[in-house]
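Chemist: Just dropping this structure here.
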Amino acid sequence: MAIASKYNAKQVEEKWYQYWMENRYFHSEVDEREPYTIVIPPPNVTGVLHMGHMLNNTIQDVLVRRARLKGFNACWVPGTDHASIATEAKVVAKLKAEGIDKNSLSREEFLQHAWDWTHKHGGIILEQLKKLGASCDWDRTKFTMDEKMSASVIKVFVDLYEKGLIYRGYRMVNWDPEAKTTLSDEEVIYQEKQGNLYFLNYKIVGSDEVVTIATTRPETILGDTAICINPHDERFKHLKGKKAIVPVGNREIPVIEDEYVDMEFGTGCLKVTPAHDENDKMLGDKHNLEVIDILNDDASLNEYGLHYKGMDRFKVRKEIIIELEELGVLVNTEEHTNKVGTSERTGAVIEPKLSDQWFLKMKEMAKPALDAVVDKDINLVPDKFLNTYKHWMENVRDWNISRQLWWGHQIPAWYFGTGKEDFVVAENAETALEKAKKKSGNRNLQAADLSRDKDALDTWFSSWLWPMSVFNGILEPENPEIEYYYPTNDLVTAPEILFFWVARMIMAGYEYRGEKPFKNVYLTGIVRDKQRRKMSKSLGNSPDPLGLIEQYGADGVRVGMLLSSPAGNDLMFEEELCKQGSAFSNKIWNAFRLVKGWEVSEEKEQEETSRIAIDWYTAKFRKSLTEIEDHFSKFRISDALMTTYKLVWDDYCSWFLEMVKPAYGEPIDAKTYKAVISILEDNLKILHPFMPFVSEEIWQEITSRTPEEALIVAKWPELKDFDQNIIEEFAVASEVIAGIRKIRKEKNISFKNTIDFMVLNNEKTSEVFDPVIRKMGNIAQFQTVEKQVEGALSFRVRSNEYYIPITGAVDVEAEINKMEEELEYTRGFLKTVDKKLSNERFVNNAPEKVVAVEKAKKADAEAKIEALEASLKNLK
């Protein structure tokens with residue numbers, strides 16, 4: 001069958017992905033081989049493929065495909081996360097569009113809508129990953145709310161509660177008024193925002209005196225329950241024991257003393273609002289202050305907001321300032337930049353809120369997880385993230401694990417009375433009833449007397465079990481799969497979830513398996529545009545990944561993404577990179593077509609140039625493979641690709657094939673052809689992890705293969721010793737050939753015409769590659785001379801001088817005139833540069849880089865003048 005003249009990426013990708021799936025190459029079962037395991041960072045069930053997913057999953061696929069070729073039992077577990085906040089928001093929005101209010105539904109009715117939405121949209125992103133070539137074990141696909149996954153979450157909650165690590169507490173939490181749920185500290189993003197600092201006067205009861213306080217949130221004065229001064233502040237000692245009047249509300253509040261107040265900051269007086277600030281809450285607890293919560297769950301003001309009841313907090317801020325000004329209370333307003341907490345999911349400004357929530361104690365669990373990373377039992381790549389990880393783990397706070405949502409894992413706690421401790425934690429309702437009877441002492445309790453906690457668990461509380469739960473390691477801790485596949489090998493993820501997910505998985509791993517969940521954590525960079533902005537839908541600066549695949553092919557996009565993505569550093573994405581990747585696919589394809597187009601002769605003797613070329617490329621391949629393996633061991637995936645790219649594009653396509661190519665109309669000898677095919681097959685093996693489709697297509701086109709002989713399950717080349725000398729000798733020979741080609745091009749000497757060639761071998765360069773130089777330079781006579789040759793064009797490689805006699809080939813007089821003109825121009829240019837460099841003012845004041853550029857110009861001009869003078873001397 002004839003080989004297609006043009007590589008058709010779309011056709012090839014569909015064909016081979018289906019072939020791989022049909023032959024179940026991606027599937028893994030426990031066997032005698034050493035496992036190589038990766039668990040996918042489960043994308044949100046609400047998600048569609050974006051550029052970050054493309055980068056992350058391409059890297060994972062490269063690692064998995066390489067492991068498969070190296071003989072490991074490669075297992076890449078895919079799946080999706082139920083994403084409580086994001087999914088519930090999507091479902092609520094859908095219901096609203098249909099005229100249905102979530103609050104009009106029962107929990108069961110709402111969950112049915114959520115499951116319907118999930119079944120319809122949940123698999124989209126995984127199907128899109130297949131377009132990228134992801135070789136996941138799709139038979140193992142998991143969802144964080146699958147039956148066994150959910151049972152694992154509930155079992156862990158109960159276990160941690162019984163160990164005293166989970167508790168229920170009334171504490172200050174981060175409240176997202178848009179999602180109407182609490183968030184953990186890690187889900188709050190602090191952004192610098194421009195605002196105002198308002199200076200307000202509070203009257204002192206029984207006098208004409210006032211104290212001035214400063215606040216960025218004037219609406220919260222309605223929740224003030226004290227004014228605090230430092231006991232050592234002489235300015236305010238006389239206020240001890242007195243009371244102040246809250247503006248607008250006209251409530252009397254005590255003036256308290258506490259060393260917490262910084263006398264140098266602001267006015268030295270602090271308003272205390274225990275319900276709306278964590279530090280104020282600590283002061284409130286210490287001094288037994290009243291707690292007045294002025295906000296509803298949606299951040300509108302409640303009845304404590306007086307005449308502002310029902311208004312949004314930010315609208316109140318504008319209006320209360322006007323009222324305070326009218327009352328003569330507002331003294332001054334200053335512009336002020338402060339850090340404002342926003343929700344990682346909704347972007348809403350977070351409100352501190354006092355609430356009964358469930359918490360997980362983290363200090364105890366953090367220690368083994370910290371030690372594992374500090375002691376390098378788990379490697380962070382790049383290790384620049386180690387200090388950040390260490391700081392977070394050493395200062396870890398208890399994790400608020402409850403969320404005021406319906407979609408997710410419902411907290412397994414049941415209440416049977418009105419007392420603070422009238423609840424039990426159990427894996428199911430039946431067990432809960434028995435525990436409640438025992439705890440209450442009431443053997444007559446019925447199931448109807450118990451009510452289950454309405455809240456759901458934080459999404460991360462399920463995904464922190466992911467490396468274990470995907471192998472059922474929580475429910476069955478000693479099953480064959482968890483014991484074989486765990487710990488996993490490499491985790492590829494983004495730095496921004498180092499604490500959300502990675503650190504917590506490490507904690508869970510040591511808590512439930514007594515060992516790390518993975519050996520290496522490869523932290524990718526963020527995909528950004530040319531302006532260094534993070535790619536996002538809202539900015540409209542992110543290309544459609546599937547559109548890129550449609551245009552450039554999956555291999556082209558994979559190469560484009562990886563060419564510029566060093567570990568931990570952000571990727572400045574340009575579509576041109578995908579174009580470059582696509583061009584590489586075409587280059588490989590055309591090189592293969594060239595080889596398959598040669599006629600092969602069994603009788604023809606192998607040419608010396610072919611033998612030399614094979615020896616050289618074999619050495620070059622082995623050296624490159626050593627470099628590639630080193631890059632992979634250090635997770636320098638981009639460098640591994642670049643080494644492969646240069647080897648195939650430059651050394652194989654541009655040099656090796658030219659060296660062995662038979663003369664026009666002649667066949668190639670069978671021995672050389674066999675070696676060329678063998679070399680091509682090795683190239684395809686190291687290309688396959690990066691470019692699975694084009695490599696498999698060529699592999700299968702080379703000869704008829706059985707499914708057992710497919711490239712995806714071939715054997716990775718072995719590391720072997722290589723001849724460094726022949727590599728260095730070719731480096732010189734390639735410069736010589738390039739010099740010949742340059743002269744031919746510049747002097748319009750046809751590449752079809754033979755030329756004579758001479759060398760003054762000052763370097764005592766090896767003659768091993770002389771036959772190659774003869775062939776690729778189309779040289780009739782190749783001589784070694786003892787002195788400079790007159791009347792010849794020349795060039796230099798290192799200290800060797802090479803000559804091409806020009807008699808009859810070019811117009812000598814015209815060439816001399818041309819060189820003299822160029823020499824005159826270059827001397828003038830050098831004079832200008834010398835003048836600039838002799839100016840002390842310029843040299844002393846110009847940036848170092850600018851001076852270095854001028855010095856480089858000087859050196860280049862001097863070298864050019866020397867070469868032109870030598871050439872002119874030869875011609876005259």
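By convention in this document, the chains of the structure tokens carry letters A, B, ... by their order, each chain's residues are numbered from 1, and ligands are numbered from 1 in the order they are shown.
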Which residues come within 12 Å of Tyr7 of chain A, counting only C-alpha atoms, excluding same-chain residues fewer than 4 positions away, as a ChimeraX atom specification?
Modeler: /A:3,11-13,552-553,555-556,582-593,693-695,697-698
Chemist: Write the residues of the preceding selection, restricted to C-alpha atoms, as an mmCIF file, in the first residue's frame.
Modeler:
data_model
loop_
_atom_site.group_PDB
_atom_site.id
_atom_site.type_symbol
_atom_site.label_atom_id
_atom_site.label_comp_id
_atom_site.auth_asym_id
_atom_site.auth_seq_id
_atom_site.Cartn_x
_atom_site.Cartn_y
_atom_site.Cartn_z
ATOM 1 C CA ILE A 3 2.451 5.749 1.830
ATOM 2 C CA GLN A 11 -7.117 10.273 10.625
ATOM 3 C CA VAL A 12 -4.043 8.764 12.243
ATOM 4 C CA GLU A 13 -5.079 9.807 15.786
ATOM 5 C CA TYR A 552 -2.047 21.107 14.611
ATOM 6 C CA GLY A 553 -2.706 17.505 15.609
ATOM 7 C CA ASP A 555 1.339 15.389 18.667
ATOM 8 C CA GLY A 556 1.937 18.948 17.494
ATOM 9 C CA SER A 582 3.153 20.090 13.770
ATOM 10 C CA ALA A 583 6.125 20.863 11.499
ATOM 11 C CA PHE A 584 8.144 18.295 13.460
ATOM 12 C CA SER A 585 5.481 15.650 12.792
ATOM 13 C CA ASN A 586 5.649 16.436 9.073
ATOM 14 C CA LYS A 587 9.464 16.382 9.119
ATOM 15 C CA ILE A 588 9.509 12.892 10.642
ATOM 16 C CA TRP A 589 6.845 11.707 8.207
ATOM 17 C CA ASN A 590 8.712 13.041 5.167
ATOM 18 C CA ALA A 591 11.967 11.515 6.372
ATOM 19 C CA PHE A 592 10.214 8.150 6.606
ATOM 20 C CA ARG A 593 8.756 8.570 3.103
ATOM 21 C CA PHE A 693 0.441 8.991 17.128
ATOM 22 C CA VAL A 694 2.946 9.769 14.371
ATOM 23 C CA SER A 695 5.469 7.372 15.933
ATOM 24 C CA GLU A 697 1.821 5.231 12.474
ATOM 25 C CA ILE A 698 5.369 5.059 11.075
#
Chemist: Please, which residues of segment 693-828 of chain A, numbered as in this document, come out helix (DSSP H, G or I) from DSSP, as an MDAnalysis selection string?
Modeler: chainID A and resid 693:702 707:709 711:713 724:746 770:777 812:828
Chemist: Can you list, as a list of chain:residue names, every protein, DNA or RNA residue that comes within 8 Å of segment 177-188 of chain A when you count only C-alpha atoms, leaving out same-chain residues fewer than 4 positions away?
Modeler: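 After dropping sequence-adjacent residues, the list is A:Ile85, A:Ala89, A:Val173, A:Asp297, A:Asp298, A:Ala299, A:Gly341, A:Thr342, A:Ser343, A:Glu344, A:Arg345, A:Thr346, A:Ala348, A:Val349, A:Ile350, A:Glu351, A:Trp399, A:Asn400, A:Ile401, A:Ser402, A:Arg403, A:Gln404, A:Leu405, A:Phe499, A:Phe500.
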Chemist: Quick one: write out the picked residues with N, CA, C and O atoms as a tab-separated table (two decimals), in the first residue's frame?
Modeler:
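Output (again-v4.tsv):
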chain	number	residue	atom	x	y	z
A	85	ILE	N	-18.78	22.90	45.68
A	85	ILE	CA	-19.22	24.28	45.48
A	85	ILE	C	-19.53	24.56	44.02
A	85	ILE	O	-20.58	25.11	43.67
A	89	ALA	N	-23.31	25.15	42.45
A	89	ALA	CA	-23.59	26.44	41.83
A	89	ALA	C	-24.16	26.25	40.41
A	89	ALA	O	-25.10	26.95	40.01
A	173	VAL	N	-14.96	31.42	61.24
A	173	VAL	CA	-14.64	30.73	59.99
A	173	VAL	C	-14.68	31.73	58.83
A	173	VAL	O	-15.12	32.87	58.97
A	297	ASP	N	-26.59	35.20	55.94
A	297	ASP	CA	-25.69	34.32	55.19
A	297	ASP	C	-25.28	34.88	53.83
A	297	ASP	O	-24.25	34.52	53.29
A	298	ASP	N	-26.12	35.76	53.25
A	298	ASP	CA	-25.79	36.33	51.94
A	298	ASP	C	-25.07	37.67	52.06
A	298	ASP	O	-24.92	38.41	51.09
A	299	ALA	N	-24.62	37.99	53.28
A	299	ALA	CA	-23.87	39.22	53.57
A	299	ALA	C	-24.73	40.47	53.50
A	299	ALA	O	-24.22	41.58	53.41
A	341	GLY	N	-9.60	39.04	51.65
A	341	GLY	CA	-9.79	37.61	51.39
A	341	GLY	C	-10.94	37.38	50.43
A	341	GLY	O	-12.03	37.93	50.61
A	342	THR	N	-10.68	36.60	49.38
A	342	THR	CA	-11.73	36.27	48.41
A	342	THR	C	-11.84	34.76	48.26
A	342	THR	O	-10.87	34.03	48.48
A	343	SER	N	-13.01	34.31	47.87
A	343	SER	CA	-13.25	32.87	47.71
A	343	SER	C	-12.54	32.33	46.49
A	343	SER	O	-12.66	32.89	45.40
A	344	GLU	N	-11.80	31.26	46.68
A	344	GLU	CA	-11.08	30.62	45.57
A	344	GLU	C	-12.04	30.12	44.51
A	344	GLU	O	-11.71	30.08	43.34
A	345	ARG	N	-13.26	29.78	44.90
A	345	ARG	CA	-14.23	29.22	43.96
A	345	ARG	C	-15.12	30.27	43.31
A	345	ARG	O	-15.31	30.26	42.10
A	346	THR	N	-15.66	31.19	44.12
A	346	THR	CA	-16.66	32.13	43.57
A	346	THR	C	-16.12	33.53	43.35
A	346	THR	O	-16.73	34.33	42.65
A	348	ALA	N	-16.05	35.76	45.60
A	348	ALA	CA	-16.73	36.68	46.53
A	348	ALA	C	-15.79	37.08	47.65
A	348	ALA	O	-14.92	36.30	48.06
A	349	VAL	N	-15.98	38.29	48.17
A	349	VAL	CA	-15.20	38.75	49.32
A	349	VAL	C	-15.66	37.98	50.55
A	349	VAL	O	-16.85	37.89	50.85
A	350	ILE	N	-14.70	37.39	51.24
A	350	ILE	CA	-14.98	36.54	52.40
A	350	ILE	C	-15.34	37.38	53.63
A	350	ILE	O	-14.78	38.45	53.85
A	351	GLU	N	-16.28	36.88	54.41
A	351	GLU	CA	-16.62	37.50	55.69
A	351	GLU	C	-16.22	36.55	56.82
A	351	GLU	O	-16.53	35.36	56.77
A	399	TRP	N	-8.35	22.20	60.17
A	399	TRP	CA	-9.04	22.25	58.88
A	399	TRP	C	-10.54	22.26	59.09
A	399	TRP	O	-11.11	21.33	59.68
A	400	ASN	N	-11.19	23.31	58.64
A	400	ASN	CA	-12.65	23.38	58.68
A	400	ASN	C	-13.18	22.50	57.55
A	400	ASN	O	-13.08	22.84	56.38
A	401	ILE	N	-13.75	21.36	57.89
A	401	ILE	CA	-14.11	20.36	56.88
A	401	ILE	C	-15.60	20.33	56.53
A	401	ILE	O	-16.02	19.54	55.67
A	402	SER	N	-16.41	21.16	57.19
A	402	SER	CA	-17.85	21.13	56.88
A	402	SER	C	-18.22	22.25	55.92
A	402	SER	O	-17.65	23.34	55.96
A	403	ARG	N	-19.19	21.97	55.05
A	403	ARG	CA	-19.65	22.95	54.08
A	403	ARG	C	-21.18	22.97	54.08
A	403	ARG	O	-21.83	21.91	54.16
A	404	GLN	N	-21.74	24.15	53.94
A	404	GLN	CA	-23.20	24.30	53.99
A	404	GLN	C	-23.78	24.05	52.60
A	404	GLN	O	-24.33	24.92	51.94
A	405	LEU	N	-23.59	22.82	52.15
A	405	LEU	CA	-24.00	22.42	50.81
A	405	LEU	C	-24.74	21.08	50.88
A	405	LEU	O	-24.59	20.34	51.85
A	499	PHE	N	-1.07	22.58	49.02
A	499	PHE	CA	-1.61	22.40	50.38
A	499	PHE	C	-3.03	21.88	50.36
A	499	PHE	O	-3.41	21.06	51.18
A	500	PHE	N	-3.85	22.39	49.42
A	500	PHE	CA	-5.21	21.88	49.29
A	500	PHE	C	-5.20	20.36	49.24
A	500	PHE	O	-6.01	19.69	49.86
Chemist: Using only C-alpha atoms, which protein or nucleic acid residues come within 7 Å of segment 261-268 of chain A? Drop anything in the same chain fewer than 5 positions from it, and give the result as a PyMOL selection string.
Modeler: chain A and resi 212-214+229-230+233
Chemist: Restricted to all heavy atoms, what would the selected residues look like written as a PDB file, in the first residue's frame?
Modeler:
ATOM      1  N   THR A 212     -11.095  58.543  68.895  1.00  0.00           N
ATOM      2  CA  THR A 212     -11.131  58.311  67.444  1.00  0.00           C
ATOM      3  C   THR A 212     -10.597  56.921  67.128  1.00  0.00           C
ATOM      4  O   THR A 212      -9.544  56.518  67.628  1.00  0.00           O
ATOM      5  CB  THR A 212     -10.296  59.372  66.703  1.00  0.00           C
ATOM      6  OG1 THR A 212     -10.740  60.675  67.091  1.00  0.00           O
ATOM      7  CG2 THR A 212     -10.433  59.214  65.198  1.00  0.00           C
ATOM      8  N   ILE A 213     -11.345  56.217  66.348  1.00  0.00           N
ATOM      9  CA  ILE A 213     -10.884  54.891  65.884  1.00  0.00           C
ATOM     10  C   ILE A 213     -10.814  54.929  64.350  1.00  0.00           C
ATOM     11  O   ILE A 213     -11.450  55.771  63.705  1.00  0.00           O
ATOM     12  CB  ILE A 213     -11.818  53.749  66.354  1.00  0.00           C
ATOM     13  CG1 ILE A 213     -13.249  53.909  65.795  1.00  0.00           C
ATOM     14  CG2 ILE A 213     -11.828  53.652  67.859  1.00  0.00           C
ATOM     15  CD1 ILE A 213     -13.499  53.198  64.524  1.00  0.00           C
ATOM     16  N   ALA A 214     -10.027  53.991  63.779  1.00  0.00           N
ATOM     17  CA  ALA A 214      -9.921  53.892  62.320  1.00  0.00           C
ATOM     18  C   ALA A 214     -10.420  52.516  61.894  1.00  0.00           C
ATOM     19  O   ALA A 214     -10.130  51.511  62.549  1.00  0.00           O
ATOM     20  CB  ALA A 214      -8.477  54.082  61.873  1.00  0.00           C
ATOM     21  N   ILE A 229      -8.061  49.868  74.619  1.00  0.00           N
ATOM     22  CA  ILE A 229      -6.858  50.689  74.683  1.00  0.00           C
ATOM     23  C   ILE A 229      -5.757  49.876  75.340  1.00  0.00           C
ATOM     24  O   ILE A 229      -6.021  48.892  76.038  1.00  0.00           O
ATOM     25  CB  ILE A 229      -7.105  51.993  75.488  1.00  0.00           C
ATOM     26  CG1 ILE A 229      -7.617  51.659  76.900  1.00  0.00           C
ATOM     27  CG2 ILE A 229      -8.068  52.920  74.753  1.00  0.00           C
ATOM     28  CD1 ILE A 229      -7.762  52.858  77.820  1.00  0.00           C
ATOM     29  N   ASN A 230      -4.514  50.294  75.126  1.00  0.00           N
ATOM     30  CA  ASN A 230      -3.388  49.623  75.766  1.00  0.00           C
ATOM     31  C   ASN A 230      -3.239  50.172  77.193  1.00  0.00           C
ATOM     32  O   ASN A 230      -3.249  51.390  77.393  1.00  0.00           O
ATOM     33  CB  ASN A 230      -2.107  49.878  74.973  1.00  0.00           C
ATOM     34  CG  ASN A 230      -0.955  49.008  75.430  1.00  0.00           C
ATOM     35  OD1 ASN A 230      -0.559  49.052  76.594  1.00  0.00           O
ATOM     36  ND2 ASN A 230      -0.421  48.225  74.519  1.00  0.00           N
ATOM     37  N   ASP A 233      -0.763  52.997  77.714  1.00  0.00           N
ATOM     38  CA  ASP A 233      -0.879  54.199  76.884  1.00  0.00           C
ATOM     39  C   ASP A 233      -1.355  55.368  77.760  1.00  0.00           C
ATOM     40  O   ASP A 233      -2.520  55.425  78.191  1.00  0.00           O
ATOM     41  CB  ASP A 233      -1.860  53.951  75.732  1.00  0.00           C
ATOM     42  CG  ASP A 233      -1.734  55.002  74.633  1.00  0.00           C
ATOM     43  OD1 ASP A 233      -1.382  56.155  74.964  1.00  0.00           O
ATOM     44  OD2 ASP A 233      -1.986  54.662  73.465  1.00  0.00           O
TER      45      ASP A 233
END
Chemist: With distances taken over only C-alpha atoms, which of A:Asp770, A:Glu629, A:Asp458, A:Glu763 is nearest to Glu608 of chain A?
Modeler: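 Counting only C-alpha atoms, the residue closest to Glu608 of chain A is A:Asp770.
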Chemist: Pick the closest to Lys620 of chain A from A:Asp285, A:Glu786, A:Asp723, A:Glu718: which is it, counting only C-alpha atoms?
Modeler: A:Asp723
Chemist: Write out as a PyMOL selection string all residues of segment 324-414 of chain A that backbone DSSP assigns to strand (DSSP E or B).
Modeler: chain A and resi 330-343+349+351-360+379-381+399-400+402-403+410+413-414
Chemist: Within 12 Å of Val373 of chain A, counting only C-alpha atoms, which residues show up once you throw out same-chain ones fewer than 2 positions away? Write them as a PyMOL selection string, please.
Modeler: chain A and resi 366-371+375-381+383+385-390+393+502-503+506-507+516-521
Chemist: Hey, what's within 6 Å of segment 240-254 of chain A if we count only C-alpha atoms and toss same-chain stuff fewer than 4 positions away? As a CSV table (one decimal) with C-alpha atoms, in the first residue's frame, please?
Modeler:
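What landed in selection.csv:
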chain,number,residue,atom,x,y,z
A,202,TYR,CA,-17.0,57.8,69.5
A,203,LYS,CA,-18.4,59.9,72.4
A,204,ILE,CA,-17.4,59.0,75.9
A,205,VAL,CA,-20.5,58.7,78.2
A,225,THR,CA,-19.2,45.7,71.7
A,226,ALA,CA,-16.1,47.5,73.1
Chemist: Pick out the closest residue to Arg798 of chain A from this set: A:Glu735, A:Glu666, A:Glu681, A:Glu192. Count only C-alpha atoms.
Modeler: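 Once distances to Arg798 of chain A are computed over only C-alpha atoms, the minimum belongs to A:Glu735.
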Chemist: Please identify every residue of segment 312-405 of chain A that has at least one atom no farther than 10 Å from an atom of segment 140-163 of chain A, counting only C-alpha atoms, and for each give the shortest atom pair and the distance in Å to one decimal, arranged by chain then increasing number, as a Markdown table.
Modeler:
| residue | atom | partner | partner_atom | distance |
| --- | --- | --- | --- | --- |
| A:Phe359 | CA | A:Tyr161 | CA | 9.8 |
| A:Leu360 | CA | A:Leu160 | CA | 8.1 |
| A:Lys361 | CA | A:Leu160 | CA | 9.3 |
Chemist: Could those selected residues go to a file with all heavy atoms, as a PDB file, in the first residue's frame?
Modeler:
ATOM      1  N   PHE A 359     -14.232  20.401  62.508  1.00  0.00           N
ATOM      2  CA  PHE A 359     -12.820  20.681  62.265  1.00  0.00           C
ATOM      3  C   PHE A 359     -11.992  19.398  62.421  1.00  0.00           C
ATOM      4  O   PHE A 359     -12.360  18.502  63.178  1.00  0.00           O
ATOM      5  CB  PHE A 359     -12.303  21.727  63.252  1.00  0.00           C
ATOM      6  CG  PHE A 359     -12.948  23.079  63.089  1.00  0.00           C
ATOM      7  CD1 PHE A 359     -14.110  23.391  63.795  1.00  0.00           C
ATOM      8  CD2 PHE A 359     -12.408  24.028  62.237  1.00  0.00           C
ATOM      9  CE1 PHE A 359     -14.715  24.638  63.648  1.00  0.00           C
ATOM     10  CE2 PHE A 359     -13.011  25.272  62.091  1.00  0.00           C
ATOM     11  CZ  PHE A 359     -14.163  25.577  62.790  1.00  0.00           C
ATOM     12  N   LEU A 360     -10.887  19.363  61.696  1.00  0.00           N
ATOM     13  CA  LEU A 360      -9.933  18.259  61.822  1.00  0.00           C
ATOM     14  C   LEU A 360      -8.625  18.829  62.369  1.00  0.00           C
ATOM     15  O   LEU A 360      -8.059  19.773  61.814  1.00  0.00           O
ATOM     16  CB  LEU A 360      -9.682  17.606  60.459  1.00  0.00           C
ATOM     17  CG  LEU A 360      -8.555  16.563  60.386  1.00  0.00           C
ATOM     18  CD1 LEU A 360      -8.795  15.415  61.347  1.00  0.00           C
ATOM     19  CD2 LEU A 360      -8.424  16.037  58.956  1.00  0.00           C
ATOM     20  N   LYS A 361      -8.154  18.266  63.464  1.00  0.00           N
ATOM     21  CA  LYS A 361      -6.878  18.690  64.049  1.00  0.00           C
ATOM     22  C   LYS A 361      -5.740  18.295  63.105  1.00  0.00           C
ATOM     23  O   LYS A 361      -5.646  17.135  62.693  1.00  0.00           O
ATOM     24  CB  LYS A 361      -6.672  18.031  65.415  1.00  0.00           C
ATOM     25  CG  LYS A 361      -7.680  18.454  66.464  1.00  0.00           C
ATOM     26  CD  LYS A 361      -7.458  17.692  67.764  1.00  0.00           C
ATOM     27  CE  LYS A 361      -8.523  18.050  68.813  1.00  0.00           C
ATOM     28  NZ  LYS A 361      -8.357  17.264  70.051  1.00  0.00           N
TER      29      LYS A 361
END
Chemist: Write out as a list in words which residues come within 9 Å of Leu132 of chain A when counting only C-alpha atoms, dropping same-chain ones fewer than 6 positions away.
Modeler: Met54, Asn57, Thr58, Leu546, Ile549, Gly553, Ala554, Asp555, Val557 and Arg558 of chain A
Chemist: What is the distance between atom CA of Asp834 of chain A and atom CA of Glu866 of chain A, in Å to one decimal?
Modeler: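 Atom CA of Glu866 of chain A lies 16.5 Å from atom CA of Asp834 of chain A.
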Chemist: Hey, which of A:Arg66, A:Lys318, A:Lys438, A:Lys623 ends up closest to Asn196 of chain A? Count only C-alpha atoms.
Modeler: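 Of A:Arg66, A:Lys318, A:Lys438, A:Lys623, the one nearest Asn196 of chain A, counting only C-alpha atoms, is A:Lys318.
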Chemist: With distances taken over only C-alpha atoms, which residue among A:Phe423, A:Met776, A:Arg622, A:Leu711 lies nearest His688 of chain A?
Modeler: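 Of A:Phe423, A:Met776, A:Arg622, A:Leu711, the one nearest His688 of chain A is A:Leu711, counting only C-alpha atoms.
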Chemist: Have a look at atom CA of Gly347 of chain A and atom CA of Asn174 of chain A and let me know their distance in Å, one decimal.
Modeler: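 For atom CA of Gly347 of chain A relative to atom CA of Asn174 of chain A, the distance reads 13.0 Å.
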Chemist: Rounded to one decimal, what separation in Å do you get between atom CA of Ala426 of chain A and atom CA of Asn44 of chain A?
Modeler: 28.3 Å
Chemist: With only C-alpha atoms as the basis for distance, which of A:Glu790, A:Glu815, A:Glu334, A:Asp490 is at the shortest distance from Pro41 of chain A?
Modeler: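 Closest residue, counting only C-alpha atoms: A:Asp490.
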